[in-house]
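K.L.:
You'll find upload-v7.cif just under this line, and it carries mmCIF, C-alpha atoms and all ligand atoms.
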data_protein
#
loop_
_atom_site.label_atom_id
_atom_site.label_comp_id
_atom_site.auth_asym_id
_atom_site.auth_seq_id
_atom_site.Cartn_x
_atom_site.Cartn_y
_atom_site.Cartn_z
CA MET A 1 122.44 90.33 86.84
CA SER A 2 121.40 93.49 85.00
CA GLN A 3 118.33 95.17 86.43
CA THR A 4 116.44 97.32 83.97
CA SER A 5 112.94 98.69 84.40
CA ASP A 6 111.78 96.15 81.79
CA SER A 7 112.85 93.18 83.89
CA ALA A 8 111.02 94.43 87.01
CA LEU A 9 108.33 92.25 88.58
CA LEU A 10 106.63 95.29 90.16
CA ARG A 11 106.86 98.79 88.74
CA VAL A 12 105.43 101.67 90.79
CA SER A 13 105.60 104.92 88.78
CA GLY A 14 104.82 108.37 90.14
CA VAL A 15 102.19 107.16 92.61
CA THR A 16 100.45 109.78 94.76
CA VAL A 17 97.76 109.03 97.34
CA GLN A 18 96.02 112.01 98.84
CA PHE A 19 93.71 112.12 101.87
CA GLY A 20 92.08 115.54 101.72
CA GLY A 21 94.96 118.01 101.79
CA LEU A 22 97.53 115.42 102.93
CA LYS A 23 99.74 113.64 100.41
CA ALA A 24 100.32 110.38 102.32
CA VAL A 25 102.29 109.10 99.29
CA ASP A 26 103.82 111.79 97.10
CA ASP A 27 105.01 110.94 93.58
CA VAL A 28 106.76 107.68 94.57
CA SER A 29 108.46 105.44 92.02
CA PHE A 30 110.37 102.22 92.62
CA GLU A 31 110.82 98.75 91.19
CA VAL A 32 111.02 95.27 92.65
CA TYR A 33 112.95 92.62 90.72
CA PRO A 34 112.16 88.89 90.56
CA GLY A 35 113.60 87.04 93.56
CA GLU A 36 114.26 90.16 95.64
CA LEU A 37 113.59 90.70 99.33
CA LEU A 38 113.07 94.46 99.40
CA GLY A 39 112.68 96.43 102.63
CA LEU A 40 110.29 99.41 102.56
CA ILE A 41 111.18 101.53 105.56
CA GLY A 42 110.70 105.00 106.99
CA PRO A 43 109.66 106.68 110.23
CA ASN A 44 106.07 106.65 111.59
CA GLY A 45 103.62 108.26 109.19
CA ALA A 46 106.08 108.10 106.26
CA GLY A 47 103.43 106.54 103.99
CA LYS A 48 104.58 102.89 103.89
CA THR A 49 101.22 101.28 104.67
CA THR A 50 99.39 103.67 102.35
CA LEU A 51 101.80 102.79 99.53
CA MET A 52 101.26 99.09 100.20
CA ARG A 53 97.48 99.70 100.15
CA ALA A 54 97.80 101.46 96.81
CA ILE A 55 99.72 98.47 95.42
CA THR A 56 97.15 95.96 96.70
CA GLY A 57 94.13 98.10 95.76
CA VAL A 58 92.80 98.84 99.26
CA VAL A 59 93.15 102.54 98.31
CA THR A 60 93.30 103.92 94.79
CA ALA A 61 96.27 106.00 93.67
CA ASN A 62 95.26 109.54 92.69
CA THR A 63 98.03 109.63 90.09
CA GLY A 64 100.68 107.27 88.76
CA SER A 65 100.64 103.65 87.67
CA ILE A 66 101.36 100.19 89.09
CA HIS A 67 102.41 97.24 86.93
CA LEU A 68 103.02 93.61 87.84
CA GLY A 69 105.15 92.30 84.99
CA ASP A 70 103.40 93.55 81.86
CA GLN A 71 99.97 93.75 83.50
CA GLU A 72 98.65 97.10 84.73
CA LEU A 73 97.05 96.91 88.18
CA THR A 74 96.41 100.62 88.81
CA HIS A 75 92.61 100.56 88.53
CA LEU A 76 91.85 96.92 89.32
CA PRO A 77 89.90 95.88 92.43
CA ILE A 78 91.75 93.94 95.15
CA HIS A 79 90.52 90.44 94.18
CA GLN A 80 91.75 90.86 90.61
CA ARG A 81 95.17 92.00 91.82
CA ILE A 82 95.29 88.90 94.03
CA ARG A 83 94.39 86.73 91.06
CA LYS A 84 97.17 88.33 89.04
CA GLY A 85 99.72 87.38 91.68
CA LEU A 86 99.75 89.72 94.69
CA ALA A 87 99.29 88.50 98.25
CA PHE A 88 99.62 90.49 101.44
CA SER A 89 99.60 90.10 105.17
CA GLN A 90 98.22 92.94 107.26
CA GLN A 91 99.71 94.68 110.27
CA LEU A 92 96.76 93.57 112.41
CA VAL A 93 96.31 89.82 112.46
CA LYS A 94 92.68 88.85 111.79
CA PRO A 95 92.16 85.09 111.39
CA PHE A 96 88.69 83.53 111.31
CA ARG A 97 88.29 82.58 114.96
CA GLN A 98 85.63 79.88 114.48
CA ILE A 99 87.75 77.56 112.32
CA SER A 100 91.08 75.82 112.91
CA VAL A 101 94.50 77.17 112.02
CA LEU A 102 94.65 74.65 109.14
CA ASP A 103 91.22 75.65 107.80
CA ASN A 104 92.22 79.31 107.89
CA VAL A 105 95.03 78.53 105.47
CA ALA A 106 92.88 76.16 103.38
CA LEU A 107 90.34 78.98 103.07
CA ALA A 108 93.03 81.27 101.70
CA ALA A 109 94.12 78.56 99.25
CA GLY A 110 90.47 78.23 98.13
CA ALA A 111 90.18 82.01 97.77
CA ALA A 112 92.61 81.78 94.88
CA HIS A 113 89.69 80.19 92.95
CA THR A 114 86.74 82.33 94.03
CA ARG A 115 86.06 85.77 95.49
CA SER A 116 83.09 84.48 97.52
CA PRO A 117 84.12 83.73 101.15
CA LEU A 118 81.23 81.23 101.38
CA LYS A 119 82.30 79.36 98.26
CA SER A 120 85.91 79.31 99.39
CA LEU A 121 84.79 77.97 102.77
CA LEU A 122 82.99 75.14 100.96
CA HIS A 123 86.13 74.68 98.90
CA THR A 124 88.06 73.75 102.06
CA ASP A 125 86.42 70.31 101.82
CA SER A 126 88.78 69.71 98.97
CA ALA A 127 91.72 67.53 99.89
CA HIS A 128 93.90 69.64 97.64
CA GLU A 129 93.41 72.87 99.62
CA ARG A 130 94.09 71.06 102.87
CA GLU A 131 97.23 69.58 101.39
CA VAL A 132 98.39 73.05 100.32
CA ALA A 133 97.52 74.37 103.78
CA ARG A 134 99.58 71.66 105.52
CA GLU A 135 102.52 72.46 103.28
CA MET A 136 102.26 76.21 104.05
CA LEU A 137 102.02 75.62 107.80
CA ALA A 138 105.20 73.53 107.54
CA ARG A 139 106.94 76.29 105.57
CA VAL A 140 106.23 78.83 108.31
CA GLY A 141 106.99 76.35 111.10
CA ILE A 142 103.58 76.00 112.83
CA SER A 143 102.47 72.52 111.72
CA ARG A 144 101.86 71.41 115.28
CA HIS A 145 99.17 74.08 115.70
CA ALA A 146 97.22 72.93 112.60
CA ASP A 147 94.19 71.49 114.38
CA GLN A 148 94.01 74.10 117.13
CA MET A 149 91.80 77.20 117.10
CA PRO A 150 93.38 80.63 116.41
CA GLY A 151 91.95 82.12 119.62
CA ILE A 152 94.40 80.23 121.85
CA GLN A 153 97.51 80.99 119.79
CA PRO A 154 100.25 83.39 120.91
CA LEU A 155 100.99 86.39 118.67
CA GLY A 156 104.10 84.71 117.21
CA VAL A 157 101.98 81.84 115.84
CA LEU A 158 99.26 84.21 114.57
CA LYS A 159 101.88 86.23 112.67
CA ARG A 160 103.13 83.02 111.02
CA LEU A 161 99.54 82.00 110.28
CA GLU A 162 99.09 85.35 108.49
CA VAL A 163 102.18 84.66 106.35
CA ALA A 164 100.95 81.09 105.62
CA ARG A 165 97.56 82.44 104.47
CA ALA A 166 99.26 84.84 102.07
CA LEU A 167 101.62 82.14 100.77
CA ALA A 168 98.70 79.75 100.17
CA GLN A 169 97.61 82.03 97.31
CA ASN A 170 100.84 81.13 95.53
CA PRO A 171 101.78 84.79 94.92
CA LYS A 172 104.31 86.20 92.49
CA LEU A 173 104.82 89.03 94.96
CA LEU A 174 104.25 88.84 98.72
CA LEU A 175 103.79 92.08 100.70
CA LEU A 176 104.32 91.82 104.44
CA ASP A 177 103.26 94.77 106.61
CA GLU A 178 105.17 94.80 109.91
CA PRO A 179 105.22 91.05 110.49
CA LEU A 180 107.70 91.44 113.36
CA ALA A 181 105.74 94.11 115.29
CA GLY A 182 104.89 93.09 118.85
CA LEU A 183 107.30 90.13 118.91
CA ASN A 184 110.22 89.88 121.34
CA SER A 185 113.70 90.00 119.85
CA LYS A 186 114.12 86.21 119.71
CA GLU A 187 110.72 85.66 118.07
CA ALA A 188 111.41 88.53 115.65
CA ALA A 189 114.77 87.02 114.66
CA THR A 190 113.31 83.55 114.02
CA LEU A 191 110.39 84.95 111.98
CA ALA A 192 112.86 87.10 110.02
CA ASP A 193 114.83 83.88 109.31
CA THR A 194 111.61 82.24 108.07
CA ILE A 195 110.88 85.21 105.77
CA ALA A 196 114.43 85.05 104.39
CA GLU A 197 114.00 81.29 103.80
CA ILE A 198 110.69 81.82 101.96
CA ASN A 199 112.52 84.37 99.78
CA ARG A 200 115.36 81.89 99.13
CA GLN A 201 112.72 79.40 97.99
CA GLY A 202 111.86 81.85 95.19
CA VAL A 203 109.13 84.17 96.52
CA THR A 204 109.69 87.87 95.78
CA ILE A 205 108.89 89.91 98.92
CA ILE A 206 108.32 93.52 99.96
CA LEU A 207 108.85 93.80 103.71
CA ILE A 208 107.53 96.87 105.56
CA GLU A 209 109.19 96.83 108.95
CA HIS A 210 110.33 99.10 111.78
CA ASN A 211 112.78 96.53 113.18
CA LEU A 212 115.80 97.94 111.35
CA GLY A 213 118.22 95.37 112.78
CA GLU A 214 116.30 92.53 111.15
CA VAL A 215 115.66 94.57 107.98
CA MET A 216 119.40 95.19 107.60
CA ARG A 217 120.12 91.52 108.25
CA ILE A 218 117.73 89.96 105.72
CA CYS A 219 116.90 92.54 103.00
CA GLN A 220 118.95 92.84 99.82
CA ARG A 221 117.79 96.37 99.02
CA LEU A 222 115.90 99.17 100.76
CA VAL A 223 113.51 101.91 99.67
CA VAL A 224 113.14 104.66 102.26
CA LEU A 225 110.08 106.92 102.55
CA ASP A 226 109.72 110.10 104.60
CA ASN A 227 106.69 112.42 104.56
CA GLY A 228 105.26 110.45 101.66
CA ARG A 229 108.34 110.88 99.45
CA ARG A 230 111.03 108.40 98.45
CA ILE A 231 114.22 109.80 99.97
CA ALA A 232 116.67 106.95 99.28
CA SER A 233 117.06 103.48 97.83
CA GLY A 234 119.88 100.99 97.44
CA ALA A 235 121.98 98.53 99.41
CA PRO A 236 121.02 98.55 103.13
CA ARG A 237 124.35 99.68 104.58
CA GLU A 238 124.82 102.45 102.04
CA VAL A 239 121.26 103.68 102.40
CA MET A 240 121.50 103.87 106.20
CA GLN A 241 124.62 106.05 105.89
CA GLN A 242 122.87 108.68 103.81
CA PRO A 243 122.37 111.98 105.65
CA GLN A 244 118.73 112.40 104.62
CA VAL A 245 117.92 108.90 105.95
CA ARG A 246 119.70 109.56 109.25
CA ALA A 247 117.92 112.90 109.55
CA ALA A 248 114.53 111.27 108.85
CA TYR A 249 115.07 108.77 111.65
CA LEU A 250 116.72 111.13 114.12
CA GLY A 251 114.40 114.09 113.44
CA THR A 252 114.56 116.83 110.85
CA ASP A 253 116.83 119.01 112.98
CA ALA A 254 119.52 116.37 113.24
CA PRO A 255 122.77 117.42 111.57
CA ALA A 256 123.78 115.34 108.55
CA GLU A 257 127.21 114.76 110.02
CA SER A 258 128.19 111.42 108.47
CA THR A 259 131.61 111.82 106.87
CA GLU A 260 131.21 108.51 104.98
CA ALA A 261 127.99 109.75 103.43
CA HIS A 262 129.60 113.07 102.42
CA SER A 263 132.59 111.40 100.87
CA ALA A 264 130.40 108.90 98.92
N1 LIG B 301 92.64 106.62 105.68
C1 LIG B 301 93.36 107.71 105.97
N2 LIG B 301 92.77 108.92 106.05
C2 LIG B 301 93.49 110.04 106.33
N3 LIG B 301 94.82 110.04 106.57
C3 LIG B 301 95.46 108.85 106.52
C4 LIG B 301 94.77 107.64 106.23
N4 LIG B 301 95.67 106.62 106.25
C5 LIG B 301 96.87 107.16 106.54
N5 LIG B 301 96.74 108.51 106.72
C6 LIG B 301 97.81 109.45 107.00
O1 LIG B 301 98.76 109.29 105.96
C7 LIG B 301 100.10 109.40 106.49
C8 LIG B 301 100.88 108.14 106.18
O2 LIG B 301 100.34 107.08 106.96
P1 LIG B 301 100.83 105.57 106.82
O3 LIG B 301 100.02 104.76 107.79
O4 LIG B 301 100.81 105.18 105.40
O5 LIG B 301 102.34 105.68 107.31
P2 LIG B 301 103.33 104.51 107.76
O6 LIG B 301 104.66 104.86 107.19
O7 LIG B 301 102.76 103.19 107.41
O8 LIG B 301 103.34 104.72 109.33
P3 LIG B 301 103.57 103.65 110.52
O9 LIG B 301 104.97 103.19 110.38
O10 LIG B 301 103.36 104.47 111.74
O11 LIG B 301 102.56 102.55 110.33
C9 LIG B 301 99.95 109.69 107.98
O12 LIG B 301 100.00 111.09 108.17
C10 LIG B 301 98.57 109.14 108.29
O13 LIG B 301 98.00 109.83 109.39
#
Turn this file's structure into structure tokens for me.
Ligand SMILES: Nc1ncnc2c1ncn2[C@@H]1O[C@H](COP(=O)(O)OP(=O)(O)OP(=O)(O)O)[C@@H](O)[C@H]1O
P.N.:
Amino acid sequence: MSQTSDSALLRVSGVTVQFGGLKAVDDVSFEVYPGELLGLIGPNGAGKTTLMRAITGVVTANTGSIHLGDQELTHLPIHQRIRKGLAFSQQLVKPFRQISVLDNVALAAGAAHTRSPLKSLLHTDSAHEREVAREMLARVGISRHADQMPGIQPLGVLKRLEVARALAQNPKLLLLDEPLAGLNSKEAATLADTIAEINRQGVTIILIEHNLGEVMRICQRLVVLDNGRRIASGAPREVMQQPQVRAAYLGTDAPAESTEAHSA
């Protein structure tokens, strides 16, 4: 399959996000192609979450542009980006505590039609949204929790609920911010399997994640940030061999000693 910039689903071009004097994201460009599961990685403070927020519209890029297919998103508010096909799950899980797990997902399905939380809550009366919600809970493997309240759920279920809520908006591109954080290794592996399965079913995904073992296992391609800049991109094994990536993870003083990387 040939991958040209024209065939990209998401095109991020020269995006900078500045907080006062700090460039949290510094002139970053990358593309995501239809059907990909792309890992966005980098050490703490590299700018991953800020870049995701610039894509979803939580923060506005100071410079650069963001396109989804042929539609420009750069200056659109969040709800319009969602309507055009973006969905995202946040690092911190924040379900509505007063309604059931199922209704949380039905609410998200209803939000695809309206930006008013009240109207979308009323929308959950619709059999259709509940049907969609049941299907999404099955896709993420938490159907048996459907009628329970979020407050009694373990973190592993809440993380899956967050993914189900994002999926209920039927996105073209799903952005997941550290879905595996806080899970034990077995839970992380099974949720990573679920994410890979959702991708196989046709959903294009950007995965921000510190769990490099799982990232290497399920992602087809990586983009690596450090100090706000893109320092590498490509196939996971090749990227992890690159001296600048090893130095970013080991500390800036680490020698770039990899012979494979030098001979590449
Ligand atoms: N709202 C903000 N105001 C000021 N500085 C911010 C803000 N958000 C992020 N930063 C700073 O921008 C830089 C990048 O932060 P960001 O959270 O995007 O990194 P990250 O790669 O997601 O890190 P982590 O992996 O630790 O979550 C950091 O130096 C951070 O302190």
K.L.:
Could you list the protein, DNA and RNA residues that have any atom within 6 Å of ligand LIG 301 (chain B), counting only C-alpha atoms and all ligand atoms, and write them as a short mmCIF file (atom, residue, chain, number, x, y, z; two decimals) with C-alpha atoms, in the frame of the given file?
P.N.:
data_model
loop_
_atom_site.label_atom_id
_atom_site.label_comp_id
_atom_site.auth_asym_id
_atom_site.auth_seq_id
_atom_site.Cartn_x
_atom_site.Cartn_y
_atom_site.Cartn_z
CA PHE A 19 93.71 112.12 101.87
CA ALA A 24 100.32 110.38 102.32
CA PRO A 43 109.66 106.68 110.23
CA ASN A 44 106.07 106.65 111.59
CA GLY A 45 103.62 108.26 109.19
CA ALA A 46 106.08 108.10 106.26
CA GLY A 47 103.43 106.54 103.99
CA LYS A 48 104.58 102.89 103.89
CA THR A 49 101.22 101.28 104.67
CA THR A 50 99.39 103.67 102.35
#
K.L.:
In the coordinate frame of the file, compute which residues have an atom within 9 Å of (102.2, 97.2, 98.9) when using only C-alpha atoms, and state them as a PyMOL selection string.
P.N.:
chain A and resi 48-57+86+88+174-177+206-208
K.L.:
Which residues, protein or nucleic acid, reach to within 10 Å of (102.2, 95.8, 89.0) in the file's coordinates when using only C-alpha atoms, and can you give that as a list in words?
P.N.:
Ala8, Leu9, Leu10, Arg11, Val12, Ser13, Glu31, Val32, Ile55, Thr56, Ser65, Ile66, His67, Leu68, Gly69, Asp70, Gln71, Glu72, Leu73, Thr74, Arg81, Lys84, Gly85, Leu86 and Leu173 of chain A
K.L.:
For each of A:Gln148, A:Gln241, A:Asn211, A:Gln169, take the minimum atom-to-atom distance to Ala189 (chain A), counting all atoms listed in the file, then give the residue where this is smallest.
P.N.:
A:Asn211
K.L.:
What gap, in Å, lies between CA of Gln91 (chain A) and CA of Glu178 (chain A)?
P.N.:
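Answer for the CA of Gln91 (chain A) to CA of Glu178 (chain A) separation: 5.5 Å.
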K.L.:
When you count only C-alpha atoms, which of these residues is closest to His210 (chain A): A:Ala164, A:Val59, A:Leu225, A:Ile41?
P.N.:
A:Ile41
K.L.:
Considering all atoms listed in the file, state which residue in the set A:Gly110, A:Gly251, A:Gly151, A:Gly64 is at the smallest distance from Pro95 (chain A).
P.N.:
A:Gly151
K.L.:
With only C-alpha atoms as the basis for distance, which of A:Gln220, A:Gln18, A:Asn199, A:Gln90 is at the shortest distance from Asn62 (chain A)?
P.N.:
A:Gln18
